[in-house]
Amino acid sequence: MMDLRENWRIGVLIVLVVLSGVALFIPTGGASADTGNGTDAANATNVSDGGLTNLQYGLELSGGTRIRGQPIGVTAEEVSLPSETQELSAFQATLADELGTDLINISVRRTTQSAGTVEVFTETVNETDLQAALSATGRDVSLDQIREGVTEETLQTTQSVITNRVNAVGISGGGASIVRSATGQDFVVVEVPNREISEVENVITDRGTVRIVARYPVETANGTEYRNTTVLEQDDFAGISPAQPSGEGNPPRVPVSLRPAAAQSFAQDMQEFGFTDQGVQNCRAEVNPDNPGWCLYTIDDGEVIYSAGISSGLAGDMVSGTFANSRSFVLETRSFEQAQAVQVSLESGALPTTLDVQSTYYLNPSLAQSFKPLALLTGLAAWIIVSTVVFYRYREIRIAIPMLLTAGAEVFILLGFAATVGLALDLSHIAGLIAVIGTGVDDLIIIADEILQQGKVATGRVFQNRFRKAFWVIGAAAATTIIAMSPLAVLSLGDLQGFAIVTIVGVLIGVLITRPAYGDVLRNLLISED
């Protein structure tokens with residue numbers, strides 16, 4: 001009878017195989033199919049195969065679009081900054097005026113108490129322009145402190161926003177990654193399965209900066225003048241409901257709620273600017289742009305997508321103070337498509353900068369589907385060749401069969417890992433799986449040879465001594481492989497990163513689980529026979 005204390009590694013292997021089977025074959029409901037109306041759940045970072053397994057595939061095995069773009073920006077580092085927040089805001093506004101750009105294209109981020117980085121996100125400004133503008137604000141900055149490109153924080157934000165955005169519009173499987181070239185340039189690579197290039201470009205080239213601007217009349221000594229004041233910005237919104245189409249006399253709209261501080265400030269502005277008395281439902285922008293009355297403009301990326309006043313009910317809530325509790329109203333648009341765009345922008349956030357598209361790539365989904373059986377055939381061919389060599393080498397089923405089953409279990413666990421973490425399999429990952437098969441069987445052969453080539457195994461102590469010698473060899477080989485692959489896994493080098501990750505995980509599974517379990521299997525077979 002098998003001693004569980006001595007064969008616990010076999011038990012761990014069996015448990016992991018079962019858990020991998022659950023991860024591969026039991027539906028989790030985490031990703032739904034694209035229904036075409038944008039209502040699918042799009043939280044996964046890849047596309048399910050839609051078949052018997054939960055395995056998910058990347059662009060190369062599902063088809064779609066890949067776009068590589070470089071974030072537009074110029075960055076000045078170690079710039080002296082004001083210590084007070086109000087002075088910092090004034091500095092940012094002055095810099096925008098000097099550069100002739102909108103305030104949203106200027107980012108100031110502290111790195112120390114008195115200094116920080118200044119980024120300008122527009123292609124019309126170069127290093128010399130930024131140096132001149134900083135000098136006009138009293139900052140002595142050399143050209144050595146200014147470079148083309150953006151900061152790491154901006155890169156990470158761009159990656160996150162694009163990933164959230166392509167998922168929010170129902171493009172299941174969308175995602176973005178940061179790739180650094182050999183020359184040190186940073187790129188954002190966007191991959192979206194099963195979508196045309198134009199669809200993806202529309203999503204990633206729109207910055208999605210939504211704000212509400214109040215336009216209202218003010219009596220001055222020279223007569224009536226109109227002023228524009230931004231009353232709500234993107235960060236002021238707390239909750240975003242799904243866009244609603246037109247109906248019952250209402251235009252397309254997006255129900256929203258505000259943060260408590262923003263709601264209080266918004267209500268105060270509406271009362272101060274006259275929107276809650278003479279401005280109630282008094283917006284004439286559509287019929288009289290020169291004399292619009294009291295209007296709230298919804299602006300997306302600098303474009304006015306709707307103008308309206310406030311209703312009597314909302315005005316009453318602001319005056320009575322009940323708006324501070326509800327903090328909700330609706331943003332109206334001219335079309336349902338605009339409402340959806342506003343919803344996506346508010347949910348995913350605004351892109352800090354736009355992408356200068358460097359290259360586009362489209363793979364027809366029908367062609368990509370043909371790669372799946374080819375990849376499967378490649379794996380089966382590798383398996384058959386390895387099996388043939390193993391049987392020829394030992395000519396003993398009791399040695400070869402456990403070896404091949406252990407190697408198969410290793411790949412099965414690796415696939416279960418991929419299904420669990422949502423790893424999108426592409427050709428680089430398939431290459432990593434094939435490499436794992438080769439190195440795994442090679443290590444198992446080392447174990448079998450070390451144990452069998454030195455004569456019969458009479459006792460457990462003899463077996464353990466021989467196994468320990470073999471394990472030192474494969475352990476050293478595994479450490480060498482992990483060290484060699486680690487830079488590829490850490491650095492953003494595209495497909496090489498996926499290959500390295502799969503190989504490292506496969507080697508760890510083998511060294512920690514499958515190789516020791518195979519040793520226990522051999523010990524039971526050889527010692528029990530003797």
# chains A, B, ... in the order shown; residues from 1 in each chain; ligands from 1

$ residues_around --residues "Glu196 (chain A)" --least-positions-apart "3" --cutoff "9 Å" --atoms "only C-alpha atoms" --output "PyMOL selection string"
chain A and resi 64-65+192-193+199-201+362

$ write_last_selection --atoms "N, CA, C and O atoms" --output "mmCIF file, in the first residue's frame"
data_model
loop_
_atom_site.group_PDB
_atom_site.id
_atom_site.type_symbol
_atom_site.label_atom_id
_atom_site.label_comp_id
_atom_site.auth_asym_id
_atom_site.auth_seq_id
_atom_site.Cartn_x
_atom_site.Cartn_y
_atom_site.Cartn_z
ATOM 1 N N GLY A 64 -7.782 40.064 -35.993
ATOM 2 C CA GLY A 64 -8.143 41.375 -35.491
ATOM 3 C C GLY A 64 -7.095 42.405 -35.850
ATOM 4 O O GLY A 64 -6.358 42.256 -36.839
ATOM 5 N N THR A 65 -7.018 43.442 -35.026
ATOM 6 C CA THR A 65 -6.193 44.614 -35.341
ATOM 7 C C THR A 65 -5.135 44.841 -34.274
ATOM 8 O O THR A 65 -5.409 44.702 -33.082
ATOM 9 N N VAL A 192 -6.739 44.353 -30.527
ATOM 10 C CA VAL A 192 -8.176 44.137 -30.365
ATOM 11 C C VAL A 192 -8.610 43.034 -31.318
ATOM 12 O O VAL A 192 -8.614 43.233 -32.540
ATOM 13 N N PRO A 193 -8.941 41.854 -30.805
ATOM 14 C CA PRO A 193 -9.360 40.757 -31.679
ATOM 15 C C PRO A 193 -10.691 41.039 -32.362
ATOM 16 O O PRO A 193 -11.562 41.730 -31.832
ATOM 17 N N GLU A 199 -12.321 50.767 -36.610
ATOM 18 C CA GLU A 199 -13.029 50.720 -35.328
ATOM 19 C C GLU A 199 -12.084 50.986 -34.160
ATOM 20 O O GLU A 199 -12.405 51.738 -33.237
ATOM 21 N N VAL A 200 -10.908 50.380 -34.223
ATOM 22 C CA VAL A 200 -9.956 50.533 -33.127
ATOM 23 C C VAL A 200 -9.392 51.951 -33.107
ATOM 24 O O VAL A 200 -9.236 52.550 -32.044
ATOM 25 N N GLU A 201 -9.103 52.495 -34.275
ATOM 26 C CA GLU A 201 -8.569 53.856 -34.334
ATOM 27 C C GLU A 201 -9.554 54.864 -33.753
ATOM 28 O O GLU A 201 -9.162 55.820 -33.079
ATOM 29 N N TYR A 362 -3.546 44.181 -39.573
ATOM 30 C CA TYR A 362 -4.849 43.504 -39.498
ATOM 31 C C TYR A 362 -4.701 42.081 -39.983
ATOM 32 O O TYR A 362 -4.128 41.815 -41.053
#

$ select_by_dssp --residues "region 196-311 of chain A" --states "strand (DSSP E or B)" --output "ChimeraX atom specification"
/A:210-220,223-232,237-240,244,247,250,253-258,280,283,293,295-300,303-308,310

$ select_by_dssp --residues "region 203-294 of chain A" --states "helix (DSSP H, G or I)" --output "MDAnalysis selection string"
chainID A and resid 203:204 234:236 260:272

$ closest_atom_pairs --of "region 122-236 of chain A" --to "region 304-323 of chain A" --cutoff "10 Å" --atoms "only C-alpha atoms" --output "JSON lines"
{"residue": "A:Val210", "atom": "CA", "partner": "A:Val304", "partner_atom": "CA", "distance": 9.9}
{"residue": "A:Arg211", "atom": "CA", "partner": "A:Val304", "partner_atom": "CA", "distance": 9.8}
{"residue": "A:Ile212", "atom": "CA", "partner": "A:Val304", "partner_atom": "CA", "distance": 9.5}
{"residue": "A:Val213", "atom": "CA", "partner": "A:Ser307", "partner_atom": "CA", "distance": 9.4}
{"residue": "A:Ala214", "atom": "CA", "partner": "A:Gly309", "partner_atom": "CA", "distance": 9.2}
{"residue": "A:Arg215", "atom": "CA", "partner": "A:Ser307", "partner_atom": "CA", "distance": 9.7}

$ write_last_selection --atoms "C-alpha atoms" --output "PDB file, in the first residue's frame"
ATOM      1  CA  VAL A 210     -15.555  65.623 -21.116  1.00  0.00           C
ATOM      2  CA  ARG A 211     -16.424  68.840 -19.295  1.00  0.00           C
ATOM      3  CA  ILE A 212     -19.445  71.037 -18.662  1.00  0.00           C
ATOM      4  CA  VAL A 213     -19.094  74.738 -19.455  1.00  0.00           C
ATOM      5  CA  ALA A 214     -21.609  77.343 -18.291  1.00  0.00           C
ATOM      6  CA  ARG A 215     -22.240  80.244 -20.669  1.00  0.00           C
TER       7      ARG A 215
END

$ closest_atom_pairs --of "region 312-417 of chain A" --to "region 489-508 of chain A" --cutoff "9 Å" --atoms "only C-alpha atoms" --output "Markdown table"
| residue | atom | partner | partner_atom | distance |
| --- | --- | --- | --- | --- |
| A:Glu410 | CA | A:Gly506 | CA | 7.3 |
| A:Val411 | CA | A:Gly506 | CA | 7.6 |
| A:Ile413 | CA | A:Gly506 | CA | 8.7 |
| A:Leu414 | CA | A:Gly506 | CA | 6.3 |
| A:Phe417 | CA | A:Val505 | CA | 9.0 |

$ atom_distance --atom1 "CA of Asn164 (chain A)" --atom2 "CA of Leu61 (chain A)"
22.3 Å

$ residues_around --residues "Thr111 (chain A)" --least-positions-apart "4" --cutoff "12 Å" --atoms "only C-alpha atoms" --output "compact mmCIF listing (two decimals) with N, CA and C atoms, in the first residue's frame"
# COMPACT_ATOMS: atom_id res chain seq x y z
N GLU A 77 12.12 68.15 -17.19
CA GLU A 77 12.36 67.57 -15.87
C GLU A 77 13.13 68.53 -14.98
N GLU A 78 12.95 68.31 -13.67
CA GLU A 78 13.62 69.13 -12.65
C GLU A 78 13.32 70.62 -12.84
N VAL A 79 12.05 70.91 -13.05
CA VAL A 79 11.60 72.30 -13.21
C VAL A 79 11.19 72.83 -11.84
N SER A 80 11.63 74.03 -11.50
CA SER A 80 11.26 74.66 -10.23
C SER A 80 9.77 74.98 -10.25
N LEU A 81 9.04 74.55 -9.21
CA LEU A 81 7.59 74.72 -9.15
C LEU A 81 7.20 75.52 -7.91
N ALA A 115 10.28 70.97 -6.90
CA ALA A 115 10.55 70.73 -8.32
C ALA A 115 9.70 69.58 -8.83
N GLY A 116 9.64 69.47 -10.15
CA GLY A 116 8.84 68.41 -10.73
C GLY A 116 8.99 68.38 -12.24
N THR A 117 8.09 67.67 -12.91
CA THR A 117 8.11 67.54 -14.35
C THR A 117 6.94 68.31 -14.95
N VAL A 118 7.17 68.83 -16.14
CA VAL A 118 6.13 69.53 -16.90
C VAL A 118 6.00 68.81 -18.24
N THR A 151 6.23 60.93 -19.54
CA THR A 151 6.74 60.25 -18.35
C THR A 151 6.17 58.84 -18.25
N GLU A 153 4.53 57.66 -15.76
CA GLU A 153 3.17 57.75 -15.21
C GLU A 153 2.15 57.97 -16.33

$ residues_around --residues "Arg393 (chain A)" --least-positions-apart "6" --cutoff "12 Å" --atoms "only C-alpha atoms" --output "number ranges by chain"
A: 386-387, 399-400, 445, 448-449

$ write_last_selection --atoms "N, CA and C atoms" --output "compact mmCIF listing (two decimals), in the first residue's frame"
# COMPACT_ATOMS: atom_id res chain seq x y z
N VAL A 386 8.62 12.80 -29.36
CA VAL A 386 9.21 12.58 -28.04
C VAL A 386 8.85 11.18 -27.52
N SER A 387 7.60 10.78 -27.71
CA SER A 387 7.17 9.45 -27.26
C SER A 387 7.96 8.35 -27.95
N ILE A 399 8.58 2.38 -17.45
CA ILE A 399 9.38 3.60 -17.31
C ILE A 399 8.85 4.70 -18.23
N ALA A 400 8.54 4.35 -19.46
CA ALA A 400 8.18 5.35 -20.47
C ALA A 400 6.80 5.95 -20.23
N ILE A 445 14.23 12.24 -18.43
CA ILE A 445 15.20 11.25 -18.91
C ILE A 445 16.45 11.27 -18.04
N ALA A 448 15.57 9.29 -14.92
CA ALA A 448 15.49 7.85 -15.17
C ALA A 448 16.88 7.25 -15.41
N ASP A 449 17.72 7.95 -16.18
CA ASP A 449 19.05 7.42 -16.46
C ASP A 449 19.90 7.34 -15.20

$ atom_distance --atom1 "CA of Phe187 (chain A)" --atom2 "CA of Gln70 (chain A)"
4.6 Å

$ residues_around --residues "Gln185 (chain A)" --least-positions-apart "4" --cutoff "9 Å" --atoms "only C-alpha atoms" --output "ChimeraX atom specification"
/A:70,149,179-181
